[in-house]
file work-v1.cif (mmCIF, C-alpha atoms)
data_input
loop_
_atom_site.label_atom_id
_atom_site.label_comp_id
_atom_site.auth_asym_id
_atom_site.auth_seq_id
_atom_site.Cartn_x
_atom_site.Cartn_y
_atom_site.Cartn_z
CA MET A 22 -6.15 -13.81 22.34
CA SER A 23 -4.41 -17.08 23.18
CA ALA A 24 -4.19 -19.99 20.72
CA ALA A 25 -6.70 -21.94 22.82
CA ALA A 26 -9.13 -19.02 22.89
CA GLY A 27 -8.73 -18.60 19.15
CA ALA A 28 -9.52 -22.27 18.60
CA ARG A 29 -12.66 -21.99 20.73
CA ALA A 30 -13.80 -18.90 18.85
CA ALA A 31 -13.22 -20.58 15.49
CA LYS A 32 -15.15 -23.67 16.59
CA SER A 33 -18.08 -21.50 17.69
CA GLY A 34 -18.16 -19.69 14.37
CA LYS A 35 -17.28 -16.35 15.95
CA PRO A 36 -14.55 -14.11 14.51
CA VAL A 37 -11.13 -14.84 15.99
CA GLY A 38 -9.55 -11.83 17.68
CA ALA A 39 -10.40 -8.73 19.68
CA ILE A 40 -11.73 -5.32 18.65
CA THR A 41 -8.87 -2.83 18.32
CA ARG A 42 -8.93 0.95 18.66
CA GLY A 43 -9.45 1.33 14.93
CA THR A 44 -7.80 4.74 14.55
CA THR A 45 -6.61 5.48 11.03
CA ASN A 46 -5.95 8.32 8.60
CA PRO A 47 -6.05 8.62 4.81
CA ASN A 48 -2.77 7.69 3.11
CA ARG A 49 -1.30 6.55 6.43
CA LEU A 50 -0.06 3.25 4.96
CA ARG A 51 1.24 4.55 1.64
CA ARG A 52 4.78 3.35 2.41
CA GLN A 53 3.57 -0.18 3.09
CA ASP A 54 1.33 -0.04 0.01
CA ARG A 55 4.26 0.97 -2.19
CA TRP A 56 6.46 -1.83 -0.84
CA ILE A 57 3.68 -4.42 -1.16
CA ALA A 58 2.95 -3.44 -4.76
CA HIS A 59 6.64 -3.97 -5.55
CA ALA A 60 7.13 -7.20 -3.58
CA LEU A 61 3.87 -8.83 -4.62
CA ALA A 62 4.02 -7.83 -8.30
CA PRO A 63 5.48 -11.14 -9.61
CA ALA A 64 2.87 -13.24 -7.79
CA LEU A 65 0.06 -10.93 -8.90
CA ARG A 66 1.11 -11.07 -12.53
CA HIS A 67 1.35 -14.87 -12.58
CA ALA A 68 -1.82 -15.55 -10.57
CA ASP A 69 -5.02 -16.95 -12.03
CA ALA A 70 -7.87 -14.59 -12.83
CA GLY A 71 -9.15 -12.44 -9.99
CA PRO A 72 -6.43 -12.88 -7.34
CA VAL A 73 -7.64 -12.09 -3.81
CA VAL A 74 -5.91 -9.80 -1.31
CA VAL A 75 -7.02 -8.96 2.24
CA ASP A 76 -6.71 -5.88 4.42
CA LEU A 77 -7.26 -7.32 7.90
CA GLY A 78 -8.32 -4.94 10.67
CA TYR A 79 -8.62 -1.86 8.45
CA GLY A 80 -10.09 0.16 11.31
CA ALA A 81 -12.92 2.58 11.91
CA ALA A 82 -12.80 3.86 8.31
CA PRO A 83 -12.01 1.85 5.17
CA TRP A 84 -9.42 4.21 3.68
CA THR A 85 -6.47 1.82 3.93
CA ALA A 86 -8.30 -0.98 2.13
CA VAL A 87 -9.44 1.34 -0.66
CA GLU A 88 -5.96 2.82 -1.10
CA LEU A 89 -4.20 -0.56 -1.20
CA PHE A 90 -6.80 -1.82 -3.66
CA GLU A 91 -6.17 1.10 -6.01
CA ARG A 92 -2.40 0.70 -5.81
CA LEU A 93 -2.52 -3.04 -6.49
CA ARG A 94 -4.92 -2.50 -9.40
CA ALA A 95 -2.10 -0.64 -11.13
CA VAL A 96 -0.21 -3.95 -11.08
CA ARG A 97 -3.11 -6.31 -11.76
CA ALA A 98 -6.38 -4.79 -12.95
CA ASP A 99 -8.61 -7.69 -11.88
CA VAL A 100 -7.33 -7.96 -8.31
CA ARG A 101 -10.07 -8.41 -5.69
CA MET A 102 -9.76 -6.76 -2.28
CA VAL A 103 -11.59 -8.00 0.81
CA GLY A 104 -11.50 -5.69 3.81
CA ILE A 105 -12.05 -7.64 7.05
CA GLU A 106 -13.00 -6.14 10.40
CA ILE A 107 -14.20 -7.77 13.62
CA GLU A 108 -16.41 -4.82 14.64
CA PRO A 109 -19.81 -5.01 12.86
CA ASP A 110 -20.44 -1.25 12.74
CA ARG A 111 -17.15 -0.71 10.91
CA VAL A 112 -18.12 -3.30 8.31
CA ALA A 113 -21.52 -1.66 7.85
CA ALA A 114 -19.96 1.80 7.43
CA ALA A 115 -17.52 0.51 4.81
CA GLN A 116 -20.30 -0.70 2.51
CA ARG A 117 -20.73 2.83 1.14
CA VAL A 118 -17.38 2.55 -0.67
CA ALA A 119 -17.67 -1.12 -1.68
CA ARG A 120 -17.44 -1.99 -5.37
CA PRO A 121 -18.56 -5.62 -5.59
CA PRO A 122 -17.08 -7.95 -6.59
CA ALA A 123 -13.75 -6.13 -6.84
CA LEU A 124 -13.82 -4.39 -3.45
CA THR A 125 -15.88 -5.87 -0.63
CA PHE A 126 -16.02 -5.75 3.17
CA ARG A 127 -17.03 -8.39 5.67
CA ARG A 128 -16.88 -9.25 9.33
CA GLY A 129 -14.11 -11.54 10.53
CA GLY A 130 -10.80 -11.88 12.31
CA PHE A 131 -7.68 -14.03 12.20
CA GLU A 132 -9.64 -16.88 10.62
CA VAL A 133 -9.80 -14.72 7.43
CA PRO A 134 -13.22 -15.76 6.13
CA LEU A 135 -13.26 -15.94 2.34
CA ASP A 136 -15.66 -17.54 -0.12
CA GLY A 137 -15.12 -21.12 -1.14
CA GLY A 138 -11.97 -21.59 0.90
CA GLU A 139 -10.02 -19.12 -1.24
CA ARG A 140 -6.42 -18.51 -0.24
CA PRO A 141 -5.30 -14.87 -0.57
CA LEU A 142 -2.09 -13.75 -2.23
CA LEU A 143 -1.79 -11.09 0.46
CA ILE A 144 -2.93 -10.51 4.00
CA ARG A 145 -1.98 -7.08 5.33
CA ALA A 146 -2.47 -6.58 9.10
CA ALA A 147 -1.33 -3.08 10.00
CA ASN A 148 -1.51 -1.73 13.56
CA VAL A 149 -3.45 -4.81 14.67
CA LEU A 150 -1.08 -7.03 16.64
CA ARG A 151 0.46 -3.96 18.25
CA GLN A 152 -2.60 -3.98 20.49
CA TYR A 153 -2.08 -7.60 21.54
CA GLU A 154 0.40 -9.16 23.97
CA GLU A 155 3.81 -10.21 22.66
CA ASP A 156 3.19 -13.86 23.51
CA GLU A 157 0.11 -13.83 21.25
CA VAL A 158 2.02 -12.86 18.11
CA THR A 159 3.37 -16.26 17.07
CA ALA A 160 -0.04 -17.94 17.17
CA ALA A 161 -1.55 -15.09 15.13
CA TRP A 162 1.25 -15.30 12.57
CA GLN A 163 0.81 -19.05 12.24
CA ARG A 164 -2.94 -18.80 11.80
CA LEU A 165 -2.63 -16.09 9.14
CA CYS A 166 0.23 -17.77 7.28
CA ALA A 167 -1.80 -20.97 7.11
CA ARG A 168 -4.46 -19.07 5.15
CA LEU A 169 -2.05 -17.82 2.46
CA ALA A 170 -1.77 -19.06 -1.09
CA PRO A 171 1.49 -21.00 -1.71
CA ASP A 172 3.16 -17.87 -3.09
CA GLY A 173 1.29 -15.51 -0.77
CA LEU A 174 2.56 -12.86 1.60
CA LEU A 175 1.60 -11.70 5.07
CA VAL A 176 2.66 -8.15 5.91
CA GLU A 177 2.32 -7.27 9.60
CA GLY A 178 3.58 -4.09 11.20
CA THR A 179 2.91 -0.67 12.62
CA CYS A 180 3.24 3.02 11.79
CA ASP A 181 2.79 6.43 13.34
CA GLU A 182 -0.40 8.44 12.94
CA ILE A 183 0.55 10.07 9.62
CA GLY A 184 2.72 7.29 8.20
CA ARG A 185 6.14 8.93 8.41
CA LYS A 186 7.63 6.12 10.50
CA GLN A 187 6.82 2.53 9.64
CA ALA A 188 8.15 -0.97 10.23
CA TRP A 189 6.78 -4.32 9.13
CA VAL A 190 7.58 -8.02 8.92
CA ALA A 191 6.97 -9.93 5.68
CA LEU A 192 6.05 -13.58 6.10
CA GLY A 193 5.41 -16.41 3.67
CA PRO A 194 3.47 -19.62 4.37
CA GLU A 195 6.62 -20.95 6.04
CA GLY A 196 7.00 -18.01 8.44
CA PRO A 197 8.84 -14.69 8.78
CA ARG A 198 11.26 -13.64 6.04
CA THR A 199 12.25 -9.99 6.37
CA LEU A 200 11.97 -6.83 8.46
CA THR A 201 11.53 -3.50 6.68
CA LEU A 202 12.03 -0.02 8.11
CA SER A 203 10.63 2.93 6.18
CA ALA A 204 10.84 6.62 7.01
CA HIS A 205 10.13 10.10 5.74
CA LEU A 206 13.82 10.99 5.60
CA ALA A 207 13.42 14.74 5.85
CA SER A 208 11.85 14.40 9.31
CA LEU A 209 14.13 11.61 10.57
CA GLU A 210 16.50 12.70 13.32
CA ARG A 211 18.21 9.32 13.63
CA PRO A 212 17.29 5.81 12.40
CA SER A 213 16.70 4.40 15.88
CA ASP A 214 13.67 6.73 16.14
CA LEU A 215 11.94 3.98 14.16
CA ALA A 216 12.26 1.68 17.19
CA GLU A 217 8.98 3.03 18.56
CA ARG A 218 7.23 1.58 15.50
CA LEU A 219 8.76 -1.89 15.54
CA PRO A 220 6.23 -4.73 15.17
CA LYS A 221 4.95 -6.28 18.38
CA ALA A 222 7.35 -9.21 18.05
CA LEU A 223 10.29 -6.78 18.37
CA ILE A 224 9.02 -3.67 20.16
CA HIS A 225 10.08 -4.95 23.59
CA ARG A 226 13.32 -6.46 22.29
CA ASN A 227 15.19 -3.22 21.68
CA VAL A 228 17.44 -3.86 24.69
CA PRO A 229 21.13 -4.78 24.97
CA GLY A 230 21.75 -8.38 24.05
CA GLU A 231 19.00 -8.56 21.43
CA PRO A 232 19.91 -8.54 17.71
CA VAL A 233 17.44 -5.78 16.80
CA HIS A 234 19.08 -3.52 19.39
CA ASP A 235 22.49 -4.21 17.86
CA PHE A 236 21.13 -3.47 14.40
CA LEU A 237 19.61 -0.13 15.38
CA ARG A 238 22.83 0.79 17.22
CA ASP A 239 24.87 0.08 14.08
CA LEU A 240 22.38 1.97 11.96
CA ASP A 241 22.70 5.04 14.18
CA ARG A 242 26.49 4.84 14.09
CA ALA A 243 26.48 4.64 10.30
CA TRP A 244 24.04 7.56 10.14
CA ALA A 245 26.33 9.65 12.33
CA ALA A 246 29.38 8.73 10.22
CA ALA A 247 27.47 9.71 7.08
CA ALA A 248 26.72 13.22 8.38
CA PRO A 249 28.99 14.91 5.77
CA TYR A 250 26.70 13.56 3.03
CA ALA A 251 23.90 15.72 4.41
CA ASP A 252 25.37 18.60 2.41
CA PHE A 253 24.12 16.75 -0.68
CA GLY A 254 20.69 16.03 0.81
CA VAL A 255 19.20 13.67 3.34
CA ARG A 256 18.69 10.97 0.72
CA GLN A 257 22.43 10.83 0.03
CA ARG A 258 23.08 10.55 3.76
CA TRP A 259 20.64 7.63 3.99
CA LEU A 260 22.22 5.90 0.98
CA ALA A 261 25.64 6.20 2.56
CA THR A 262 24.20 4.79 5.78
CA THR A 263 22.68 1.75 4.07
CA ARG A 264 25.91 1.06 2.17
CA ALA A 265 27.84 1.03 5.43
CA VAL A 266 25.34 -1.18 7.24
CA ALA A 267 25.22 -3.66 4.34
CA ALA A 268 28.83 -4.55 5.07
CA SER A 269 27.84 -6.32 8.29
CA TRP A 270 24.08 -6.93 8.08
CA PRO A 271 22.15 -9.03 5.47
CA LEU A 272 20.17 -6.37 3.62
CA THR A 273 17.95 -7.87 0.94
CA ASP A 274 16.85 -4.83 -1.06
CA THR A 275 18.51 -2.54 -3.59
CA GLN A 276 19.62 1.07 -3.72
CA ALA A 277 16.44 1.84 -5.67
CA ARG A 278 14.42 0.88 -2.58
CA HIS A 279 16.84 2.68 -0.25
CA ARG A 280 16.26 5.90 -2.19
CA LEU A 281 12.63 5.71 -1.03
CA GLY A 282 13.70 5.75 2.61
CA GLU A 283 13.41 1.99 2.99
CA LEU A 284 15.71 -0.68 4.33
CA THR A 285 14.93 -4.42 4.36
CA LEU A 286 16.98 -7.17 5.99
CA ARG A 287 16.58 -10.87 6.68
CA TRP A 288 14.38 -11.68 9.66
CA ASP A 289 16.80 -14.24 11.07
CA ALA A 290 19.33 -11.44 11.61
CA VAL A 291 17.07 -9.59 14.05
CA ALA A 292 14.75 -12.30 15.37
CA PRO A 293 14.36 -12.36 19.16
CA THR A 294 16.89 -14.50 20.97
#

call {"tool": "encode", "arguments": {"input": "work-v1.cif", "output": "structure tokens"}}
result
Amino acid sequence: MSAAAGARAAKSGKPVGAITRGTTNPNRLRRQDRWIAHALAPALRHADAGPVVVDLGYGAAPWTAVELFERLRAVRADVRMVGIEIEPDRVAAAQRVARPPALTFRRGGFEVPLDGGERPLLIRAANVLRQYEEDEVTAAWQRLCARLAPDGLLVEGTCDEIGRKQAWVALGPEGPRTLTLSAHLASLERPSDLAERLPKALIHRNVPGEPVHDFLRDLDRAWAAAAPYADFGVRQRWLATTRAVAASWPLTDTQARHRLGELTLRWDAVAPT
């Protein structure tokens, strides 16, 4: 949906966005959930009572919203989750697992309808923008970032059907900050296999001359050079790969995160030219 169409929809009171395929599976987003719980923990712990988080476009079944809610409750027991979907039947079906006021579901889109103008600490939009056009991404990011609390986070990305390959962008109110790649290392043939799961803003940019292409090329080269470490396990090979890549790319995470099959770097290093 274009920015103009979104503005018209918002003015009419209709949800902003389009109905997506809605396919999902239990535990599909566990890697994102784990990263979010880590990255958002400081803001959650310092927030006022009952901080609000949003799972936007949770799909045909509410599993992802319920799972993220449970994982964030381990960090902050009074967190409130709002699952938002544009398709009314999906919202109706989700009511069977609702636990008001802690876990609720409502109809909406990129306008992120919340009570009393609340600003969420988190908006997670997984496998949503992948079904839009690339030139629609910036307007969607801007609309969602404008809804965040001052210390809030937007996490937008994609994954495969069972969650073994994932990539996401983390954005603050000011815009994009980082790109994270996350993989089930035992089933990873080479790091560039994650290219098929890049967020919409990057999925068509994996071509020569684009920074994300250069990054994935260097990641593959480091992975190949680290092949001898495979004798000590795939995790050791991945750690050697991330150490090598960190010499020339601005990674922002630690070895503790790398051990989980993750890698996070600054967005400006891979942003489209």

call {"tool": "resolve_selection", "arguments": {"input": "work-v1.cif", "expression": "the PyMOL selection byres ((chain A and resi 94) around 12)", "output": "list of chain:residue names"}}
result
A:Asp54, A:Ala58, A:Leu61, A:Ala62, A:Leu65, A:Arg66, A:Gly71, A:Pro72, A:Val73, A:Val74, A:Val87, A:Glu88, A:Leu89, A:Phe90, A:Glu91, A:Arg92, A:Leu93, A:Ala95, A:Val96, A:Arg97, A:Ala98, A:Asp99, A:Val100, A:Arg101, A:Met102, A:Ala123, A:Leu124

call {"tool": "residues_around", "arguments": {"input": "work-v1.cif", "residues": "Arg51 (chain A)", "least_positions_apart": "2", "cutoff": "9 Å", "atoms": "only C-alpha atoms", "output": "JSON, numbers by chain"}}
result
{"A": [47, 48, 49, 53, 54, 55, 56, 85, 88, 89, 184]}

call {"tool": "resolve_selection", "arguments": {"input": "work-v1.cif", "expression": "the PyMOL selection byres ((chain A and resi 195-203) around 7)", "output": "PDB file with C-alpha atoms, in the frame of the given file"}}
result
ATOM      1  CA  ARG A  52       4.780   3.350   2.410  1.00  0.00           C
ATOM      2  CA  CYS A 166       0.230 -17.770   7.280  1.00  0.00           C
ATOM      3  CA  LYS A 186       7.630   6.120  10.500  1.00  0.00           C
ATOM      4  CA  GLN A 187       6.820   2.530   9.640  1.00  0.00           C
ATOM      5  CA  ALA A 188       8.150  -0.970  10.230  1.00  0.00           C
ATOM      6  CA  TRP A 189       6.780  -4.320   9.130  1.00  0.00           C
ATOM      7  CA  VAL A 190       7.580  -8.020   8.920  1.00  0.00           C
ATOM      8  CA  ALA A 191       6.970  -9.930   5.680  1.00  0.00           C
ATOM      9  CA  LEU A 192       6.050 -13.580   6.100  1.00  0.00           C
ATOM     10  CA  GLY A 193       5.410 -16.410   3.670  1.00  0.00           C
ATOM     11  CA  PRO A 194       3.470 -19.620   4.370  1.00  0.00           C
ATOM     12  CA  ALA A 204      10.840   6.620   7.010  1.00  0.00           C
ATOM     13  CA  GLY A 282      13.700   5.750   2.610  1.00  0.00           C
ATOM     14  CA  GLU A 283      13.410   1.990   2.990  1.00  0.00           C
ATOM     15  CA  LEU A 284      15.710  -0.680   4.330  1.00  0.00           C
ATOM     16  CA  THR A 285      14.930  -4.420   4.360  1.00  0.00           C
ATOM     17  CA  LEU A 286      16.980  -7.170   5.990  1.00  0.00           C
ATOM     18  CA  ARG A 287      16.580 -10.870   6.680  1.00  0.00           C
ATOM     19  CA  TRP A 288      14.380 -11.680   9.660  1.00  0.00           C
TER      20      TRP A 288
END

call {"tool": "atom_distance", "arguments": {"input": "work-v1.cif", "atom1": "CA of Ala277 (chain A)", "atom2": "CA of Leu260 (chain A)"}}
result
9.7 Å

call {"tool": "resolve_selection", "arguments": {"input": "work-v1.cif", "expression": "the PyMOL selection byres ((chain A and resi 267-271) around 8)", "output": "PyMOL selection string"}}
result
chain A and resi 236+263-266+272-273+286-287+290

call {"tool": "atom_distance", "arguments": {"input": "work-v1.cif", "atom1": "CA of His234 (chain A)", "atom2": "CA of Leu209 (chain A)"}}
result
18.2 Å

call {"tool": "residues_around", "arguments": {"input": "work-v1.cif", "residues": "Arg258 (chain A)", "least_positions_apart": "2", "cutoff": "10 Å", "atoms": "only C-alpha atoms", "output": "list in words"}}
result
Leu206, Ala243, Trp244, Ala245, Ala246, Ala247, Ala248, Pro249, Tyr250, Ala251, Asp252, Phe253, Gly254, Val255, Arg256, Leu260, Ala261, Thr262 and Thr263 of chain A

call {"tool": "closest_residue", "arguments": {"input": "work-v1.cif", "among": "A:Pro121, A:Gly173, A:Pro212, A:Pro293", "to": "His225 (chain A)", "atoms": "only C-alpha atoms"}}
result
A:Pro293

call {"tool": "residues_near_point", "arguments": {"input": "work-v1.cif", "point": "(-13.6, -9.2, 3.1)", "cutoff": "8 Å", "atoms": "all atoms listed in the file", "output": "number ranges by chain"}}
result
A: 75-76, 102-106, 125-129, 133-135

call {"tool": "atom_distance", "arguments": {"input": "work-v1.cif", "atom1": "CA of Trp259 (chain A)", "atom2": "CA of Thr275 (chain A)"}}
result
12.9 Å

call {"tool": "residues_around", "arguments": {"input": "work-v1.cif", "residues": "Gly80 (chain A)", "least_positions_apart": "2", "cutoff": "12 Å", "atoms": "only C-alpha atoms", "output": "ChimeraX atom specification"}}
result
/A:40-47,49,76-78,82-86,104-112,114-115,126,128,146-149

call {"tool": "closest_residue", "arguments": {"input": "work-v1.cif", "among": "A:Val291, A:Val176, A:His279, A:Ala60", "to": "Asp235 (chain A)", "atoms": "only C-alpha atoms"}}
result
A:Val291

call {"tool": "residues_near_point", "arguments": {"input": "work-v1.cif", "point": "(1.4, -10.4, 23.5)", "cutoff": "12 Å", "atoms": "all atoms listed in the file", "output": "compact mmCIF listing (two decimals) with C-alpha atoms, in the frame of the given file"}}
result
# COMPACT_ATOMS: atom_id res chain seq x y z
CA MET A 22 -6.15 -13.81 22.34
CA SER A 23 -4.41 -17.08 23.18
CA ALA A 24 -4.19 -19.99 20.72
CA VAL A 149 -3.45 -4.81 14.67
CA LEU A 150 -1.08 -7.03 16.64
CA ARG A 151 0.46 -3.96 18.25
CA GLN A 152 -2.60 -3.98 20.49
CA TYR A 153 -2.08 -7.60 21.54
CA GLU A 154 0.40 -9.16 23.97
CA GLU A 155 3.81 -10.21 22.66
CA ASP A 156 3.19 -13.86 23.51
CA GLU A 157 0.11 -13.83 21.25
CA VAL A 158 2.02 -12.86 18.11
CA THR A 159 3.37 -16.26 17.07
CA ALA A 160 -0.04 -17.94 17.17
CA ALA A 161 -1.55 -15.09 15.13
CA TRP A 162 1.25 -15.30 12.57
CA PRO A 220 6.23 -4.73 15.17
CA LYS A 221 4.95 -6.28 18.38
CA ALA A 222 7.35 -9.21 18.05
CA LEU A 223 10.29 -6.78 18.37
CA ILE A 224 9.02 -3.67 20.16
CA HIS A 225 10.08 -4.95 23.59

call {"tool": "closest_atom_pairs", "arguments": {"input": "work-v1.cif", "of": "region 92-190 of chain A", "to": "region 36-39 of chain A", "cutoff": "6 Å", "atoms": "all atoms listed in the file", "output": "tab-separated table"}}
result
residue	atom	partner	partner_atom	distance
A:Gly129	CA	A:Pro36	CA	4.8
A:Gly130	CA	A:Val37	CA	4.7
A:Phe131	CA	A:Val37	CA	5.2
A:Glu132	CA	A:Val37	CA	5.9

call {"tool": "closest_residue", "arguments": {"input": "work-v1.cif", "among": "A:Ala113, A:Leu174, A:Ala119, A:Ala207", "to": "Arg145 (chain A)", "atoms": "only C-alpha atoms"}}
result
A:Leu174
